[in-house]
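Text of the file final-v7.pdb, holding PDB, C-alpha atoms and all ligand atoms:
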ATOM      1  CA  MET C   1      -7.056  10.519  -4.394  1.00  0.00           C
ATOM      2  CA  VAL C   2      -9.772  11.423  -6.882  1.00  0.00           C
ATOM      3  CA  LEU C   3      -8.492  11.242 -10.419  1.00  0.00           C
ATOM      4  CA  ASP C   4      -9.321  14.229 -12.645  1.00  0.00           C
ATOM      5  CA  GLU C   5     -11.615  12.712 -15.246  1.00  0.00           C
ATOM      6  CA  ASN C   6     -10.700  15.489 -17.708  1.00  0.00           C
ATOM      7  CA  LEU C   7      -7.102  14.324 -17.936  1.00  0.00           C
ATOM      8  CA  PRO C   8      -6.234  11.543 -20.346  1.00  0.00           C
ATOM      9  CA  GLN C   9      -6.320   8.141 -18.706  1.00  0.00           C
ATOM     10  CA  SER C  10      -4.976   4.885 -19.939  1.00  0.00           C
ATOM     11  CA  LYS C  11      -5.352   1.376 -18.635  1.00  0.00           C
ATOM     12  CA  LYS C  12      -2.586  -1.130 -18.461  1.00  0.00           C
ATOM     13  CA  ARG C  13      -2.588  -4.794 -17.593  1.00  0.00           C
ATOM     14  CA  ILE C  14       0.086  -5.589 -15.046  1.00  0.00           C
ATOM     15  CA  SER C  15       1.422  -8.663 -13.381  1.00  0.00           C
ATOM     16  CA  ILE C  16       2.590  -8.175  -9.820  1.00  0.00           C
ATOM     17  CA  THR C  17       3.338 -10.405  -6.848  1.00  0.00           C
ATOM     18  CA  VAL C  18       1.516  -9.290  -3.709  1.00  0.00           C
ATOM     19  CA  ASN C  19       2.089 -11.100  -0.433  1.00  0.00           C
ATOM     20  CA  GLY C  20       3.523 -14.068  -2.297  1.00  0.00           C
ATOM     21  CA  LYS C  21       0.644 -14.382  -4.770  1.00  0.00           C
ATOM     22  CA  LYS C  22       0.935 -13.467  -8.414  1.00  0.00           C
ATOM     23  CA  VAL C  23      -1.806 -11.095  -9.506  1.00  0.00           C
ATOM     24  CA  GLU C  24      -2.766 -10.070 -13.042  1.00  0.00           C
ATOM     25  CA  HIS C  25      -4.822  -6.900 -13.041  1.00  0.00           C
ATOM     26  CA  GLU C  26      -5.883  -4.011 -15.184  1.00  0.00           C
ATOM     27  CA  ILE C  27      -4.845  -0.710 -13.692  1.00  0.00           C
ATOM     28  CA  ASN C  28      -5.340   2.956 -14.445  1.00  0.00           C
ATOM     29  CA  SER C  29      -1.843   4.155 -15.265  1.00  0.00           C
ATOM     30  CA  ARG C  30      -2.200   7.174 -12.956  1.00  0.00           C
ATOM     31  CA  MET C  31      -3.247   5.133  -9.941  1.00  0.00           C
ATOM     32  CA  THR C  32      -0.783   4.995  -7.055  1.00  0.00           C
ATOM     33  CA  LEU C  33       0.361   1.711  -5.604  1.00  0.00           C
ATOM     34  CA  ALA C  34      -1.526   2.583  -2.388  1.00  0.00           C
ATOM     35  CA  GLU C  35      -4.746   3.097  -4.345  1.00  0.00           C
ATOM     36  CA  PHE C  36      -4.195  -0.075  -6.312  1.00  0.00           C
ATOM     37  CA  LEU C  37      -3.684  -2.140  -3.156  1.00  0.00           C
ATOM     38  CA  ARG C  38      -6.627  -0.630  -1.309  1.00  0.00           C
ATOM     39  CA  GLU C  39      -9.173  -0.083  -4.055  1.00  0.00           C
ATOM     40  CA  GLU C  40      -8.448  -2.843  -6.538  1.00  0.00           C
ATOM     41  CA  LEU C  41      -7.109  -5.609  -4.297  1.00  0.00           C
ATOM     42  CA  ASP C  42      -9.082  -4.704  -1.126  1.00  0.00           C
ATOM     43  CA  LEU C  43      -5.875  -4.719   0.914  1.00  0.00           C
ATOM     44  CA  THR C  44      -6.990  -1.891   3.148  1.00  0.00           C
ATOM     45  CA  GLY C  45      -4.428  -2.582   5.866  1.00  0.00           C
ATOM     46  CA  THR C  46      -2.157  -0.130   4.069  1.00  0.00           C
ATOM     47  CA  LYS C  47      -3.271   3.269   5.353  1.00  0.00           C
ATOM     48  CA  VAL C  48      -3.209   6.566   3.516  1.00  0.00           C
ATOM     49  CA  GLY C  49      -2.585   9.542   5.780  1.00  0.00           C
ATOM     50  CA  CYS C  50      -1.045  12.507   3.968  1.00  0.00           C
ATOM     51  CA  ASN C  51      -1.077  11.006   0.437  1.00  0.00           C
ATOM     52  CA  ARG C  52       2.027  13.049  -0.394  1.00  0.00           C
ATOM     53  CA  GLY C  53       5.083  11.230   0.922  1.00  0.00           C
ATOM     54  CA  GLU C  54       5.294  12.776   4.374  1.00  0.00           C
ATOM     55  CA  CYS C  55       3.798  10.502   7.036  1.00  0.00           C
ATOM     56  CA  GLY C  56       4.805   6.922   6.206  1.00  0.00           C
ATOM     57  CA  SER C  57       1.435   5.367   7.028  1.00  0.00           C
ATOM     58  CA  CYS C  58       1.293   3.862   3.517  1.00  0.00           C
ATOM     59  CA  THR C  59       4.682   2.103   3.762  1.00  0.00           C
ATOM     60  CA  VAL C  60       4.909  -1.282   2.060  1.00  0.00           C
ATOM     61  CA  LEU C  61       7.923  -3.310   0.967  1.00  0.00           C
ATOM     62  CA  LEU C  62       8.745  -3.257  -2.740  1.00  0.00           C
ATOM     63  CA  ASP C  63      11.285  -5.974  -3.503  1.00  0.00           C
ATOM     64  CA  GLY C  64      12.088  -5.915   0.234  1.00  0.00           C
ATOM     65  CA  VAL C  65      12.663  -2.163   0.425  1.00  0.00           C
ATOM     66  CA  PRO C  66      10.265   0.136   2.310  1.00  0.00           C
ATOM     67  CA  VAL C  67       8.534   2.646   0.030  1.00  0.00           C
ATOM     68  CA  TYR C  68       5.741   5.158   0.453  1.00  0.00           C
ATOM     69  CA  SER C  69       3.095   3.487  -1.664  1.00  0.00           C
ATOM     70  CA  CYS C  70       1.339   6.849  -2.162  1.00  0.00           C
ATOM     71  CA  THR C  71       4.372   8.068  -4.111  1.00  0.00           C
ATOM     72  CA  VAL C  72       4.793   4.987  -6.318  1.00  0.00           C
ATOM     73  CA  LEU C  73       2.582   4.406  -9.329  1.00  0.00           C
ATOM     74  CA  GLY C  74       0.955   1.008  -9.486  1.00  0.00           C
ATOM     75  CA  VAL C  75       2.425   0.476 -12.932  1.00  0.00           C
ATOM     76  CA  GLU C  76       5.907   1.031 -11.480  1.00  0.00           C
ATOM     77  CA  ALA C  77       5.385  -2.043  -9.321  1.00  0.00           C
ATOM     78  CA  ALA C  78       4.659  -4.257 -12.341  1.00  0.00           C
ATOM     79  CA  GLY C  79       6.784  -7.389 -12.336  1.00  0.00           C
ATOM     80  CA  ARG C  80       7.929  -6.739  -8.764  1.00  0.00           C
ATOM     81  CA  GLU C  81       7.156  -8.134  -5.300  1.00  0.00           C
ATOM     82  CA  VAL C  82       5.065  -6.205  -2.832  1.00  0.00           C
ATOM     83  CA  LEU C  83       4.646  -7.103   0.813  1.00  0.00           C
ATOM     84  CA  THR C  84       1.862  -5.400   2.738  1.00  0.00           C
ATOM     85  CA  ILE C  85       0.757  -5.688   6.339  1.00  0.00           C
ATOM     86  CA  GLU C  86      -1.667  -8.435   5.295  1.00  0.00           C
ATOM     87  CA  GLY C  87       1.343 -10.541   4.288  1.00  0.00           C
ATOM     88  CA  LEU C  88       3.120 -10.268   7.626  1.00  0.00           C
ATOM     89  CA  ALA C  89       1.075 -12.849   9.503  1.00  0.00           C
ATOM     90  CA  ASP C  90       1.498 -16.461   8.446  1.00  0.00           C
ATOM     91  CA  GLU C  91      -1.817 -18.270   7.921  1.00  0.00           C
ATOM     92  CA  GLY C  92      -3.486 -16.330  10.712  1.00  0.00           C
ATOM     93  CA  LYS C  93      -0.531 -16.552  13.091  1.00  0.00           C
ATOM     94  CA  LEU C  94       0.775 -13.091  13.856  1.00  0.00           C
ATOM     95  CA  HIS C  95       4.412 -12.288  13.154  1.00  0.00           C
ATOM     96  CA  LEU C  96       6.516 -12.063  16.344  1.00  0.00           C
ATOM     97  CA  LEU C  97       6.848  -8.355  15.676  1.00  0.00           C
ATOM     98  CA  GLN C  98       3.081  -7.942  15.718  1.00  0.00           C
ATOM     99  CA  ASP C  99       2.873  -9.943  18.959  1.00  0.00           C
ATOM    100  CA  ALA C 100       5.541  -7.694  20.469  1.00  0.00           C
ATOM    101  CA  PHE C 101       3.636  -4.548  19.448  1.00  0.00           C
ATOM    102  CA  ILE C 102       0.592  -5.880  21.313  1.00  0.00           C
ATOM    103  CA  GLU C 103       2.603  -6.983  24.334  1.00  0.00           C
ATOM    104  CA  HIS C 104       4.410  -3.636  24.656  1.00  0.00           C
ATOM    105  CA  ASP C 105       1.423  -1.397  23.872  1.00  0.00           C
ATOM    106  CA  ALA C 106       3.267  -0.019  20.876  1.00  0.00           C
ATOM    107  CA  LEU C 107       0.157   1.581  19.422  1.00  0.00           C
ATOM    108  CA  GLN C 108      -2.740   3.752  20.426  1.00  0.00           C
ATOM    109  CA  CYS C 109      -4.988   4.682  17.496  1.00  0.00           C
ATOM    110  CA  GLY C 110      -3.061   2.249  15.281  1.00  0.00           C
ATOM    111  CA  TYR C 111      -3.176   4.353  12.133  1.00  0.00           C
ATOM    112  CA  CYS C 112       0.599   4.465  11.744  1.00  0.00           C
ATOM    113  CA  THR C 113       1.049   0.847  12.796  1.00  0.00           C
ATOM    114  CA  PRO C 114       0.910  -1.009   9.455  1.00  0.00           C
ATOM    115  CA  GLY C 115       3.490   1.324   7.901  1.00  0.00           C
ATOM    116  CA  MET C 116       5.602   1.279  11.046  1.00  0.00           C
ATOM    117  CA  LEU C 117       5.593  -2.530  11.107  1.00  0.00           C
ATOM    118  CA  MET C 118       6.644  -2.729   7.460  1.00  0.00           C
ATOM    119  CA  SER C 119       9.582  -0.356   7.989  1.00  0.00           C
ATOM    120  CA  ILE C 120      10.661  -2.392  11.021  1.00  0.00           C
ATOM    121  CA  LYS C 121      10.223  -5.698   9.192  1.00  0.00           C
ATOM    122  CA  ALA C 122      12.667  -4.410   6.549  1.00  0.00           C
ATOM    123  CA  LEU C 123      15.055  -3.344   9.315  1.00  0.00           C
ATOM    124  CA  LEU C 124      14.993  -6.779  10.983  1.00  0.00           C
ATOM    125  CA  ASP C 125      15.495  -8.496   7.623  1.00  0.00           C
ATOM    126  CA  ARG C 126      18.713  -6.569   7.005  1.00  0.00           C
ATOM    127  CA  ASN C 127      19.807  -6.193  10.629  1.00  0.00           C
ATOM    128  CA  PRO C 128      18.364  -8.872  12.936  1.00  0.00           C
ATOM    129  CA  GLN C 129      19.906  -7.358  16.088  1.00  0.00           C
ATOM    130  CA  PRO C 130      19.299  -3.616  15.854  1.00  0.00           C
ATOM    131  CA  THR C 131      20.114  -1.020  18.492  1.00  0.00           C
ATOM    132  CA  ASP C 132      17.713   1.678  19.729  1.00  0.00           C
ATOM    133  CA  ASP C 133      19.272   4.084  17.261  1.00  0.00           C
ATOM    134  CA  ASP C 134      18.885   1.641  14.379  1.00  0.00           C
ATOM    135  CA  VAL C 135      15.150   1.430  15.137  1.00  0.00           C
ATOM    136  CA  ARG C 136      14.886   5.228  15.339  1.00  0.00           C
ATOM    137  CA  LYS C 137      16.653   5.628  11.981  1.00  0.00           C
ATOM    138  CA  ALA C 138      14.605   2.884  10.302  1.00  0.00           C
ATOM    139  CA  THR C 139      11.355   4.543  11.396  1.00  0.00           C
ATOM    140  CA  ASP C 140      12.353   8.174  10.943  1.00  0.00           C
ATOM    141  CA  GLY C 141       9.986   8.388   7.973  1.00  0.00           C
ATOM    142  CA  ASN C 142       7.044   6.966   9.920  1.00  0.00           C
ATOM    143  CA  PHE C 143       5.186   9.508  12.016  1.00  0.00           C
ATOM    144  CA  CYS C 144       3.211   8.404  15.036  1.00  0.00           C
ATOM    145  CA  ARG C 145       0.886  11.214  16.104  1.00  0.00           C
ATOM    146  CA  CYS C 146       0.092   9.253  19.274  1.00  0.00           C
ATOM    147  CA  GLY C 147       3.747   9.289  20.334  1.00  0.00           C
ATOM    148  CA  SER C 148       4.125   5.552  20.768  1.00  0.00           C
ATOM    149  CA  TYR C 149       7.823   5.694  19.835  1.00  0.00           C
ATOM    150  CA  PRO C 150       9.327   4.475  23.159  1.00  0.00           C
ATOM    151  CA  ASN C 151       7.112   1.384  23.152  1.00  0.00           C
ATOM    152  CA  ILE C 152       7.719   0.792  19.435  1.00  0.00           C
ATOM    153  CA  ILE C 153      11.449   0.649  20.153  1.00  0.00           C
ATOM    154  CA  LYS C 154      10.933  -1.685  23.132  1.00  0.00           C
ATOM    155  CA  ALA C 155       8.687  -3.952  21.058  1.00  0.00           C
ATOM    156  CA  THR C 156      11.187  -4.093  18.200  1.00  0.00           C
ATOM    157  CA  LEU C 157      14.135  -4.949  20.430  1.00  0.00           C
ATOM    158  CA  ASP C 158      12.087  -7.604  22.206  1.00  0.00           C
ATOM    159  CA  ALA C 159      10.916  -9.095  18.886  1.00  0.00           C
ATOM    160  CA  SER C 160      14.472  -9.173  17.559  1.00  0.00           C
ATOM    161  CA  LYS C 161      15.524 -11.295  20.571  1.00  0.00           C
ATOM    162  CA  LYS C 162      12.580 -13.649  20.153  1.00  0.00           C
ATOM    163  CA  ILE C 163      13.185 -14.026  16.411  1.00  0.00           C
ATOM    164  CA  ALA C 164      16.833 -14.888  17.128  1.00  0.00           C
ATOM    165  CA  HIS C 165      15.691 -17.757  19.393  1.00  0.00           C
ATOM    166  CA  GLU C 166      13.045 -19.093  17.025  1.00  0.00           C
TER     167      GLU C 166
HETATM  168  S1  LIG C 201       0.170   8.473   2.989  1.00  0.00           S
HETATM  169 FE1  LIG C 201       1.990   8.003   1.970  1.00  0.00          FE
HETATM  170  S2  LIG C 201       3.525   9.017   3.086  1.00  0.00           S
HETATM  171 FE2  LIG C 201       1.651   9.682   4.015  1.00  0.00          FE
HETATM  172  S1  LIG C 202      -0.545   4.804  17.179  1.00  0.00           S
HETATM  173 FE1  LIG C 202      -1.713   6.538  16.555  1.00  0.00          FE
HETATM  174  S2  LIG C 202      -0.486   7.455  15.024  1.00  0.00           S
HETATM  175 FE2  LIG C 202       0.766   5.890  15.823  1.00  0.00          FE
END

Would you encode the structure as structure tokens?
Amino acid sequence: MVLDENLPQSKKRISITVNGKKVEHEINSRMTLAEFLREELDLTGTKVGCNRGECGSCTVLLDGVPVYSCTVLGVEAAGREVLTIEGLADEGKLHLLQDAFIEHDALQCGYCTPGMLMSIKALLDRNPQPTDDDVRKATDGNFCRCGSYPNIIKATLDASKKIAHE
């Protein structure tokens, strides 16, 4: 989003935890959380598709809850914990959910994938053994233009079994 330079702008210093690390940063108070993550922190794994709360590609977890980061102001995330796709892998080792997406071909262009994975991560955190319908409901705000839904469901159910046996 290009900010209108004619409108009043103010800067604020915020403290925020991103992927487990505390960050202190100055932020334009009209900047969205998606812009803050991508442009100020270089966390470009979070994708911006519609930029108006419709597609889900920008989904991140805010205090464990999936949100559209294009509809949240960066300043609203001050003092809170954000998890982005970059925080899903552990020291270079992919999360079992990411492995399952690869194994089950749960993506084509991949643009929806970071947001999809974050919504599913939140689902598995609150419901480790979801049904097909649970996965559908948890991802009903994440659009996949490539139509990878059947494989996304298979990958999620497979990952949930593997996580249970970890
Ligand atoms: S980019 Fe945020 S919902 Fe589409
Ligand atoms: S894999 Fe292309 S939009 Fe989902």

- Query: Using all atoms listed in the file, which residue out of C:Val72, C:Ile163, C:Leu107, C:Leu123 lies closest to C:Tyr149?
  - Reply: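 Of all the options, C:Leu107 lies closest to C:Tyr149.
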
- Query: Separation of atom CA of C:Thr46 and atom CA of C:Pro128, in Å?
  - Reply: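 Atom CA of C:Thr46 sits 24.0 Å away from atom CA of C:Pro128.
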
- Query: For the atom pair atom CA of C:Gly115 and atom CA of C:Val67, what is the interatomic distance in Å to one decimal place?
  - Reply: 9.4 Å

- Item | Within-9 Å residues of ligand LIG 201 (chain C), basis only C-alpha atoms and all ligand atoms, as a list of chain:residue names |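 Listed by chain and ascending number, the contacts are C:Ala34, C:Thr46, C:Lys47, C:Val48, C:Gly49, C:Cys50, C:Asn51, C:Arg52, C:Gly53, C:Glu54, C:Cys55, C:Gly56, C:Ser57, C:Cys58, C:Thr59, C:Val67, C:Tyr68, C:Ser69, C:Cys70, C:Thr71, C:Gly141, C:Asn142, C:Phe143.
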
- Distance filter 9 Å around ligand LIG 202 (chain C), atoms: all atoms listed in the file, out as a ChimeraX atom specification: /C:57,106-113,116,142-149

- Message: Would you compute the distance between atom CA of C:Glu26 and atom CA of C:Pro66? Give it in Å to one decimal.
- Response: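 According to the coordinates, atom CA of C:Glu26 and atom CA of C:Pro66 are separated by 24.2 Å.
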